[in-house]
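Novice: My structure is in data.pdb, and what it holds is PDB, C-alpha atoms:
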ATOM      1  CA  MET X   1      83.719 175.049 134.901
ATOM      2  CA  ASN X   2      87.057 174.332 136.618
ATOM      3  CA  ASP X   3      89.525 177.220 136.690
ATOM      4  CA  GLU X   4      92.695 176.188 134.873
ATOM      5  CA  ARG X   5      94.641 177.659 137.799
ATOM      6  CA  ASP X   6      93.279 174.852 140.006
ATOM      7  CA  PHE X   7      95.558 172.438 138.140
ATOM      8  CA  PHE X   8      98.659 174.626 138.364
ATOM      9  CA  PRO X   9     100.134 173.028 141.542
ATOM     10  CA  LEU X  10      99.900 169.588 139.935
ATOM     11  CA  ARG X  11     101.504 170.846 136.741
ATOM     12  CA  LEU X  12     104.280 172.530 138.735
ATOM     13  CA  MET X  13     105.004 169.364 140.703
ATOM     14  CA  LEU X  14     105.266 167.358 137.491
ATOM     15  CA  ILE X  15     107.687 169.863 135.977
ATOM     16  CA  LEU X  16     109.852 169.967 139.107
ATOM     17  CA  SER X  17     109.986 166.166 139.354
ATOM     18  CA  LEU X  18     111.073 165.939 135.716
ATOM     19  CA  VAL X  19     113.807 168.526 136.237
ATOM     20  CA  ILE X  20     115.110 166.909 139.433
ATOM     21  CA  THR X  21     114.955 163.360 138.063
ATOM     22  CA  LEU X  22     116.447 163.991 134.661
ATOM     23  CA  GLY X  23     118.963 166.697 135.614
ATOM     24  CA  PHE X  24     119.053 168.080 132.094
ATOM     25  CA  PRO X  25     116.903 170.336 129.867
ATOM     26  CA  LEU X  26     113.276 169.702 130.575
ATOM     27  CA  LEU X  27     112.072 168.622 127.161
ATOM     28  CA  PRO X  28     114.733 166.971 124.998
ATOM     29  CA  GLY X  29     112.362 167.047 122.050
ATOM     30  CA  LEU X  30     112.032 170.833 122.102
ATOM     31  CA  ASN X  31     114.519 173.171 120.416
ATOM     32  CA  SER X  32     117.303 174.764 122.408
ATOM     33  CA  ALA X  33     115.592 178.172 122.444
ATOM     34  CA  ARG X  34     112.871 176.692 124.706
ATOM     35  CA  SER X  35     115.161 174.562 126.906
ATOM     36  CA  VAL X  36     115.457 175.309 130.579
ATOM     37  CA  ASP X  37     118.981 176.128 131.685
ATOM     38  CA  LEU X  38     119.118 175.482 135.405
ATOM     39  CA  GLU X  39     122.271 177.524 135.907
ATOM     40  CA  GLU X  40     121.237 180.679 134.027
ATOM     41  CA  GLU X  41     117.550 181.134 134.918
ATOM     42  CA  ASP X  42     116.331 183.179 137.905
ATOM     43  CA  GLY X  43     113.419 182.544 140.213
ATOM     44  CA  MET X  44     112.293 179.368 141.995
ATOM     45  CA  GLY X  45     114.935 176.695 141.883
ATOM     46  CA  GLY X  46     116.953 178.600 139.254
ATOM     47  CA  PHE X  47     114.233 179.088 136.620
ATOM     48  CA  SER X  48     111.289 181.424 136.237
ATOM     49  CA  MET X  49     107.622 180.591 136.810
ATOM     50  CA  GLU X  50     106.761 181.943 133.370
ATOM     51  CA  GLN X  51     109.182 179.513 131.747
ATOM     52  CA  ILE X  52     107.696 176.583 133.693
ATOM     53  CA  VAL X  53     104.227 177.405 132.364
ATOM     54  CA  PHE X  54     105.562 177.957 128.844
ATOM     55  CA  GLU X  55     107.504 174.690 128.803
ATOM     56  CA  PHE X  56     104.606 172.694 130.273
ATOM     57  CA  ASP X  57     102.189 174.120 127.698
ATOM     58  CA  MET X  58     104.576 173.015 124.959
ATOM     59  CA  PHE X  59     104.816 169.614 126.665
ATOM     60  CA  ASP X  60     101.008 169.374 126.518
ATOM     61  CA  GLU X  61     101.150 169.985 122.768
ATOM     62  CA  GLU X  62     103.752 167.259 122.333
ATOM     63  CA  LEU X  63     101.556 164.748 124.200
ATOM     64  CA  MET X  64      98.519 165.502 122.082
ATOM     65  CA  GLY X  65     100.077 163.641 119.168
ATOM     66  CA  VAL X  66      99.431 163.949 115.457
ATOM     67  CA  ALA X  67      96.278 162.943 113.604
ATOM     68  CA  GLU X  68      96.508 159.904 111.332
ATOM     69  CA  PRO X  69      97.232 160.920 107.726
ATOM     70  CA  VAL X  70      94.054 160.824 105.676
ATOM     71  CA  GLU X  71      95.598 158.484 103.121
ATOM     72  CA  PHE X  72      96.047 155.820 105.821
ATOM     73  CA  SER X  73      92.292 155.461 106.283
ATOM     74  CA  ARG X  74      91.237 155.812 102.655
ATOM     75  CA  PRO X  75      89.882 152.660 100.932
ATOM     76  CA  ARG X  76      92.544 151.067  98.760
ATOM     77  CA  LEU X  77      92.643 148.424  96.074
ATOM     78  CA  LEU X  78      92.923 144.845  97.238
ATOM     79  CA  VAL X  79      96.350 143.342  96.586
ATOM     80  CA  PHE X  80      97.958 140.169  97.893
ATOM     81  CA  ASP X  81     101.274 138.863  99.114
ATOM     82  CA  SER X  82     101.937 135.181  99.801
ATOM     83  CA  TYR X  83     103.113 133.123 102.752
ATOM     84  CA  ARG X  84     104.334 129.517 102.777
ATOM     85  CA  VAL X  85     103.208 127.558 105.845
ATOM     86  CA  ARG X  86     106.014 126.233 108.037
ATOM     87  CA  SER X  87     106.099 123.533 110.700
ATOM     88  CA  GLY X  88     104.294 124.659 113.840
ATOM     89  CA  ASP X  89     102.343 127.455 112.154
ATOM     90  CA  THR X  90      98.769 128.178 113.215
ATOM     91  CA  ILE X  91      96.244 130.555 111.728
ATOM     92  CA  SER X  92      96.202 132.608 114.916
ATOM     93  CA  GLN X  93      99.983 133.082 114.902
ATOM     94  CA  ILE X  94     100.112 133.875 111.182
ATOM     95  CA  ALA X  95      97.382 136.478 111.789
ATOM     96  CA  VAL X  96      99.501 138.092 114.513
ATOM     97  CA  ASP X  97     102.621 138.053 112.341
ATOM     98  CA  THR X  98     100.853 139.624 109.354
ATOM     99  CA  GLY X  99      98.818 142.168 111.338
ATOM    100  CA  LEU X 100      95.506 140.721 110.144
ATOM    101  CA  ASN X 101      92.622 139.086 111.976
ATOM    102  CA  GLU X 102      91.930 135.357 111.706
ATOM    103  CA  ASP X 103      88.640 135.929 109.880
ATOM    104  CA  THR X 104      90.487 137.558 107.004
ATOM    105  CA  LEU X 105      92.963 134.702 106.524
ATOM    106  CA  LEU X 106      90.245 132.045 106.809
ATOM    107  CA  SER X 107      87.937 133.749 104.303
ATOM    108  CA  VAL X 108      90.538 134.851 101.744
ATOM    109  CA  ASN X 109      92.090 131.374 101.627
ATOM    110  CA  GLY X 110      88.817 129.433 101.716
ATOM    111  CA  ILE X 111      89.915 127.495 104.803
ATOM    112  CA  ARG X 112      87.161 125.247 106.138
ATOM    113  CA  ASN X 113      89.223 123.531 108.835
ATOM    114  CA  SER X 114      92.102 125.502 110.328
ATOM    115  CA  ARG X 115      93.533 122.349 111.918
ATOM    116  CA  LEU X 116      94.365 120.949 108.504
ATOM    117  CA  LEU X 117      97.016 123.492 107.501
ATOM    118  CA  GLN X 118      99.738 121.743 105.517
ATOM    119  CA  ILE X 119     103.454 122.471 105.586
ATOM    120  CA  ASN X 120     104.409 124.350 102.380
ATOM    121  CA  GLN X 121     100.794 125.310 101.772
ATOM    122  CA  VAL X 122     100.790 128.787 100.225
ATOM    123  CA  LEU X 123      98.409 131.318 101.766
ATOM    124  CA  ARG X 124      97.261 134.584 100.219
ATOM    125  CA  ILE X 125      97.963 137.565 102.492
ATOM    126  CA  PRO X 126      95.826 140.623 101.638
ATOM    127  CA  ASN X 127      96.849 144.201 102.363
ATOM    128  CA  GLN X 128      93.779 144.820 104.530
ATOM    129  CA  ASP X 129      91.241 143.076 106.745
ATOM    130  CA  GLY X 130      87.926 141.849 105.407
ATOM    131  CA  ILE X 131      86.056 138.783 104.171
ATOM    132  CA  TYR X 132      84.619 137.551 100.892
ATOM    133  CA  HIS X 133      80.887 137.509 100.249
ATOM    134  CA  ASN X 134      79.272 135.314  97.608
ATOM    135  CA  VAL X 135      76.525 137.275  95.875
ATOM    136  CA  SER X 136      73.163 135.531  95.920
ATOM    137  CA  THR X 137      69.762 136.372  94.446
ATOM    138  CA  GLY X 138      68.337 139.521  95.997
ATOM    139  CA  ASP X 139      71.677 140.898  97.133
ATOM    140  CA  THR X 140      72.378 144.555  96.456
ATOM    141  CA  LEU X 141      75.438 146.594  97.257
ATOM    142  CA  LEU X 142      73.389 148.513  99.809
ATOM    143  CA  SER X 143      71.989 145.412 101.527
ATOM    144  CA  ILE X 144      75.447 143.814 101.710
ATOM    145  CA  SER X 145      77.035 146.951 103.140
ATOM    146  CA  GLU X 146      74.305 147.247 105.780
ATOM    147  CA  ARG X 147      74.469 143.561 106.697
ATOM    148  CA  CYS X 148      78.249 143.646 107.045
ATOM    149  CA  ASN X 149      78.377 147.141 108.577
ATOM    150  CA  ALA X 150      80.675 148.253 105.763
ATOM    151  CA  ASN X 151      80.967 151.416 103.687
ATOM    152  CA  MET X 152      79.383 150.970 100.261
ATOM    153  CA  GLU X 153      81.829 153.264  98.477
ATOM    154  CA  ALA X 154      84.755 151.468 100.117
ATOM    155  CA  ILE X 155      83.440 148.144  98.767
ATOM    156  CA  LYS X 156      83.333 149.603  95.258
ATOM    157  CA  ILE X 157      86.859 151.016  95.474
ATOM    158  CA  VAL X 158      88.428 147.865  96.935
ATOM    159  CA  ASN X 159      86.818 145.649  94.272
ATOM    160  CA  GLU X 160      87.330 148.151  91.397
ATOM    161  CA  MET X 161      83.579 148.318  90.757
ATOM    162  CA  PHE X 162      82.311 151.036  88.437
ATOM    163  CA  SER X 163      78.601 150.480  89.091
ATOM    164  CA  ASP X 164      76.294 149.104  91.754
ATOM    165  CA  ASN X 165      75.396 146.069  89.654
ATOM    166  CA  LEU X 166      76.301 142.670  91.116
ATOM    167  CA  ALA X 167      76.619 139.376  89.256
ATOM    168  CA  ILE X 168      74.909 136.425  90.928
ATOM    169  CA  ASN X 169      77.444 133.877  92.303
ATOM    170  CA  SER X 170      80.285 136.373  92.042
ATOM    171  CA  SER X 171      82.530 136.943  95.048
ATOM    172  CA  ILE X 172      83.312 140.413  96.390
ATOM    173  CA  PHE X 173      85.643 141.489  99.174
ATOM    174  CA  ILE X 174      84.019 143.394 102.048
ATOM    175  CA  PRO X 175      86.693 145.513 103.775
ATOM    176  CA  SER X 176      86.770 145.389 107.596
ATOM    177  CA  ALA X 177      83.900 142.871 107.736
ATOM    178  CA  ARG X 178      84.079 139.961 110.190
ATOM    179  CA  MET X 179      82.906 136.358 110.029
ATOM    180  CA  ASP X 180      79.892 135.143 111.904
ATOM    181  CA  TRP X 181      81.271 133.810 115.219
ATOM    182  CA  ILE X 182      79.606 130.435 114.698
ATOM    183  CA  ALA X 183      81.281 130.008 111.321
ATOM    184  CA  ARG X 184      84.628 130.899 112.871
ATOM    185  CA  GLN X 185      84.145 128.373 115.675
ATOM    186  CA  GLU X 186      83.242 125.694 113.155
ATOM    187  CA  ILE X 187      86.378 126.336 111.122
ATOM    188  CA  ASN X 188      88.625 126.441 114.179
ATOM    189  CA  GLY X 189      87.005 123.346 115.712
ATOM    190  CA  ASP X 190      85.867 125.182 118.839
ATOM    191  CA  LEU X 191      82.106 124.679 118.601
ATOM    192  CA  PHE X 192      81.678 121.726 120.991
ATOM    193  CA  ILE X 193      83.414 120.581 124.150
ATOM    194  CA  TRP X 194      84.153 116.899 124.709
ATOM    195  CA  PRO X 195      81.028 115.373 126.304
ATOM    196  CA  VAL X 196      83.151 112.906 128.264
ATOM    197  CA  THR X 197      86.853 112.428 128.896
ATOM    198  CA  GLY X 198      88.342 109.465 127.068
ATOM    199  CA  ARG X 199      89.915 108.301 123.841
ATOM    200  CA  ILE X 200      88.118 107.701 120.563
ATOM    201  CA  THR X 201      87.706 103.939 120.191
ATOM    202  CA  SER X 202      85.823 104.131 116.895
ATOM    203  CA  PRO X 203      86.008 107.226 114.639
ATOM    204  CA  TYR X 204      83.469 108.752 112.277
ATOM    205  CA  GLY X 205      83.323 107.080 108.860
ATOM    206  CA  PHE X 206      83.463 103.635 107.337
ATOM    207  CA  ARG X 207      84.516 100.747 109.591
ATOM    208  CA  MET X 208      84.108  97.010 109.939
ATOM    209  CA  ASP X 209      81.010  96.442 112.028
ATOM    210  CA  PRO X 210      81.937  94.928 115.416
ATOM    211  CA  PHE X 211      78.952  92.569 115.149
ATOM    212  CA  GLY X 212      80.032  90.958 111.901
ATOM    213  CA  ARG X 213      77.748  92.849 109.521
ATOM    214  CA  GLY X 214      80.551  93.864 107.181
ATOM    215  CA  ARG X 215      81.798  97.325 106.294
ATOM    216  CA  GLN X 216      79.408 100.026 107.456
ATOM    217  CA  PHE X 217      79.402 103.768 107.947
ATOM    218  CA  HIS X 218      79.713 104.868 111.566
ATOM    219  CA  HIS X 219      77.720 108.108 111.944
ATOM    220  CA  GLY X 220      79.389 109.326 115.118
ATOM    221  CA  ILE X 221      82.392 108.703 117.331
ATOM    222  CA  ASP X 222      82.698 106.256 120.212
ATOM    223  CA  ILE X 223      84.522 107.609 123.252
ATOM    224  CA  GLY X 224      85.778 104.968 125.661
ATOM    225  CA  ALA X 225      84.909 105.581 129.318
ATOM    226  CA  SER X 226      83.969 103.571 132.396
ATOM    227  CA  SER X 227      80.365 103.007 133.429
ATOM    228  CA  GLY X 228      79.074 105.770 135.668
ATOM    229  CA  VAL X 229      81.337 108.529 134.323
ATOM    230  CA  PRO X 230      79.336 111.785 133.974
ATOM    231  CA  ILE X 231      78.351 112.910 130.464
ATOM    232  CA  ARG X 232      78.204 116.670 129.758
ATOM    233  CA  ALA X 233      76.235 118.660 127.188
ATOM    234  CA  ALA X 234      78.702 119.428 124.383
ATOM    235  CA  MET X 235      77.009 122.772 123.750
ATOM    236  CA  SER X 236      74.118 124.676 125.297
ATOM    237  CA  GLY X 237      70.685 123.880 123.949
ATOM    238  CA  ARG X 238      67.286 122.376 124.658
ATOM    239  CA  VAL X 239      66.679 118.675 125.269
ATOM    240  CA  LEU X 240      64.643 117.464 122.315
ATOM    241  CA  SER X 241      64.087 113.886 123.446
ATOM    242  CA  THR X 242      65.180 111.145 125.835
ATOM    243  CA  ALA X 243      64.298 107.561 125.050
ATOM    244  CA  TYR X 244      65.449 103.936 124.691
ATOM    245  CA  ASN X 245      65.831 101.664 121.676
ATOM    246  CA  SER X 246      67.579  98.388 120.987
ATOM    247  CA  THR X 247      70.488 100.027 119.113
ATOM    248  CA  TYR X 248      71.277 103.163 121.118
ATOM    249  CA  GLY X 249      70.013 101.990 124.483
ATOM    250  CA  ASN X 250      69.272 104.999 126.682
ATOM    251  CA  PHE X 251      69.914 108.114 124.605
ATOM    252  CA  ILE X 252      69.479 111.891 124.622
ATOM    253  CA  VAL X 253      69.052 114.307 121.711
ATOM    254  CA  ILE X 254      69.775 118.018 122.277
ATOM    255  CA  SER X 255      68.836 120.778 119.828
ATOM    256  CA  HIS X 256      71.311 123.669 119.448
ATOM    257  CA  HIS X 257      71.516 126.896 117.461
ATOM    258  CA  SER X 258      72.335 127.064 113.738
ATOM    259  CA  GLY X 259      70.681 123.740 112.877
ATOM    260  CA  TYR X 260      72.878 121.587 115.103
ATOM    261  CA  ARG X 261      71.702 118.581 117.114
ATOM    262  CA  THR X 262      73.724 116.165 119.225
ATOM    263  CA  LEU X 263      73.017 112.540 120.152
ATOM    264  CA  TYR X 264      74.400 110.827 123.262
ATOM    265  CA  ALA X 265      73.851 107.048 123.315
ATOM    266  CA  HIS X 266      74.326 103.887 125.450
ATOM    267  CA  LEU X 267      73.818 105.764 128.733
ATOM    268  CA  SER X 268      73.326 103.882 131.980
ATOM    269  CA  SER X 269      71.058 106.663 133.211
ATOM    270  CA  VAL X 270      69.578 109.954 132.006
ATOM    271  CA  SER X 271      69.353 113.005 134.282
ATOM    272  CA  VAL X 272      67.457 115.507 132.060
ATOM    273  CA  ARG X 273      63.942 115.712 130.688
ATOM    274  CA  PRO X 274      62.645 116.732 127.260
ATOM    275  CA  GLY X 275      62.122 120.487 127.017
ATOM    276  CA  ALA X 276      64.787 121.326 129.597
ATOM    277  CA  TYR X 277      67.449 123.888 128.737
ATOM    278  CA  VAL X 278      71.015 122.730 129.404
ATOM    279  CA  ALA X 279      74.187 124.808 129.514
ATOM    280  CA  THR X 280      77.485 123.808 127.938
ATOM    281  CA  GLY X 281      79.172 121.334 130.284
ATOM    282  CA  GLU X 282      76.042 120.579 132.298
ATOM    283  CA  ARG X 283      75.688 116.950 133.418
ATOM    284  CA  ILE X 284      73.001 115.129 131.417
ATOM    285  CA  GLY X 285      73.611 111.445 132.228
ATOM    286  CA  LEU X 286      76.111 108.673 132.936
ATOM    287  CA  VAL X 287      78.168 106.431 130.665
ATOM    288  CA  GLY X 288      76.793 102.927 130.322
ATOM    289  CA  ALA X 289      76.540  99.888 128.073
ATOM    290  CA  THR X 290      72.849  99.832 127.126
ATOM    291  CA  GLY X 291      71.698  98.917 123.627
ATOM    292  CA  LEU X 292      73.890  97.223 121.032
ATOM    293  CA  VAL X 293      77.418  97.508 122.451
ATOM    294  CA  THR X 294      80.526  95.481 123.192
ATOM    295  CA  GLY X 295      81.337  97.446 126.351
ATOM    296  CA  PRO X 296      80.749 100.732 128.155
ATOM    297  CA  HIS X 297      81.347 103.876 126.091
ATOM    298  CA  LEU X 298      79.601 106.987 124.815
ATOM    299  CA  HIS X 299      78.413 107.130 121.232
ATOM    300  CA  PHE X 300      78.335 110.810 120.185
ATOM    301  CA  THR X 301      76.767 112.031 116.933
ATOM    302  CA  VAL X 302      76.510 115.595 115.563
ATOM    303  CA  TYR X 303      73.869 116.565 112.997
ATOM    304  CA  ARG X 304      73.868 119.788 110.981
ATOM    305  CA  ASP X 305      70.532 120.477 109.288
ATOM    306  CA  GLY X 306      69.628 116.797 109.620
ATOM    307  CA  VAL X 307      72.880 115.432 108.172
ATOM    308  CA  THR X 308      75.657 113.886 110.252
ATOM    309  CA  VAL X 309      79.080 115.578 110.331
ATOM    310  CA  ASN X 310      82.349 114.448 111.847
ATOM    311  CA  PRO X 311      82.194 115.596 115.489
ATOM    312  CA  ARG X 312      85.958 115.594 115.843
ATOM    313  CA  THR X 313      86.353 118.532 113.461
ATOM    314  CA  LEU X 314      84.123 120.666 115.699
ATOM    315  CA  MET X 315      85.446 119.724 119.132
ATOM    316  CA  ARG X 316      87.898 121.783 121.173
TER     317      ARG X 316
END
Written as structure tokens, how would this file's structure read?

Specialist:
Amino acid sequence: MNDERDFFPLRLMLILSLVITLGFPLLPGLNSARSVDLEEEDGMGGFSMEQIVFEFDMFDEELMGVAEPVEFSRPRLLVFDSYRVRSGDTISQIAVDTGLNEDTLLSVNGIRNSRLLQINQVLRIPNQDGIYHNVSTGDTLLSISERCNANMEAIKIVNEMFSDNLAINSSIFIPSARMDWIARQEINGDLFIWPVTGRITSPYGFRMDPFGRGRQFHHGIDIGASSGVPIRAAMSGRVLSTAYNSTYGNFIVISHHSGYRTLYAHLSSVSVRPGAYVATGERIGLVGATGLVTGPHLHFTVYRDGVTVNPRTLMR
């Protein structure tokens, strides 16, 4: 065990430097009875060694701080304020301004796409962090608290629950809980990178077919790019298939986590094989004009659990 006296020279040097630098009583926060009077004290430099030790010990106590009041950390009822969205607002900035995390604002306000905030939209601002959980069959208060790493009694207090019984399809607030990171990326549109640099020449949704077949639904986005431009994996995953057909030409399908798959079509060449693992941004092929096309571009489709979704809402 270190002898406390071993640290005395360091403590003395700190005290002396404070006295010399400040030129006034050593600890302004202490009362006058403990202040060091340079003109009246005897000993080294005009003040006694005993007083140095006494003052520094008091200084140590000041630095230790004060414990947080118990009432600050006690669970409290959930109450809300409101905020009207202004021009230029983002969820991340509103979270900073309100002292909450983004998960809380997204969950409490049921936001499914944070890019679609509207000016004058009114958001609910809770008095604490947390997310809502929709009760499903088999859920118990204990299982929810364990899954969300939350205190069961805190859940009951926040939601004014007087028993452990939960109603199916009801929604309860889980204090301090966070969203799954994938869900947050989906909402913020940060799940996929752009597979190729270019502008969208044909968006997701209904359009007039370029080959004269009337109004049809376009299940992906077309990104204009020159032949030979590298195509990158929009997210890490495993190559499910590479093949050719008369519509998509040379194409690649990659399987990702959480039920996602991506399709890259009309490639001039493919540089990966089925079964290979690819990292986000890894080169998988080159832009081309194979299949049914009017010119070189990349057709990019995103599937979630076998159903197409608009890729643009998920791209950074």

Novice: Which residues match the PyMOL selection byres ((chain X and resi 149) around 10) in the file above, as a PDB file with C-alpha atoms, keeping the file's coordinate frame?

Specialist:
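And here's part14.pdb as it stands now:
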ATOM      1  CA  SER X 143      71.989 145.412 101.527  1.00  0.00           C
ATOM      2  CA  ILE X 144      75.447 143.814 101.710  1.00  0.00           C
ATOM      3  CA  SER X 145      77.035 146.951 103.140  1.00  0.00           C
ATOM      4  CA  GLU X 146      74.305 147.247 105.780  1.00  0.00           C
ATOM      5  CA  ARG X 147      74.469 143.561 106.697  1.00  0.00           C
ATOM      6  CA  CYS X 148      78.249 143.646 107.045  1.00  0.00           C
ATOM      7  CA  ALA X 150      80.675 148.253 105.763  1.00  0.00           C
ATOM      8  CA  ASN X 151      80.967 151.416 103.687  1.00  0.00           C
ATOM      9  CA  MET X 152      79.383 150.970 100.261  1.00  0.00           C
ATOM     10  CA  ILE X 174      84.019 143.394 102.048  1.00  0.00           C
ATOM     11  CA  PRO X 175      86.693 145.513 103.775  1.00  0.00           C
ATOM     12  CA  SER X 176      86.770 145.389 107.596  1.00  0.00           C
ATOM     13  CA  ALA X 177      83.900 142.871 107.736  1.00  0.00           C
ATOM     14  CA  ARG X 178      84.079 139.961 110.190  1.00  0.00           C
TER      15      ARG X 178
END

Novice: Quick one: distance from CA of Gln121 in chain X to CA of Arg76 in chain X in Å, one decimal?

Specialist: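 These atoms are spaced 27.2 Å apart.
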
Novice: Expanded to explicit residues, what is the PyMOL selection byres ((chain X and resi 236-241) around 6) for this file, as a PyMOL selection string?

Specialist: chain X and resi 235+242+252-256+274-280

Novice: Run the PyMOL selection byres ((chain X and resi 123-137) around 10) mentally over the shown coordinates, then write out the matched residues as number ranges by chain, using the chain letters and numbers from the document.

Specialist: X: 75-85, 94-95, 98-111, 117, 120-122, 138-141, 144, 148, 150, 158, 166-179

Novice: I want to know what sits within 8 Å of Met315 in chain X, based on all atoms listed in the file, with residues of the same chain fewer than 6 positions away left out; could you give that as a ChimeraX atom specification?

Specialist: /X:189-194

Novice: One decimal, in Å: what's the spacing between CA of Phe211 in chain X and CA of Thr301 in chain X?

Specialist: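 Computed distance, CA of Phe211 in chain X to CA of Thr301 in chain X, equals 19.7 Å.
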
Novice: Could you check which of X:Ile91, X:Ile182, X:Leu286, X:Ile119 is closest to His257 in chain X, using all atoms listed in the file?

Specialist: X:Ile182

Novice: So what do you get for CA of Val196 in chain X versus CA of Gly212 in chain X, distance-wise?

Specialist: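 Going from CA of Val196 in chain X over to CA of Gly212 in chain X covers 27.6 Å.
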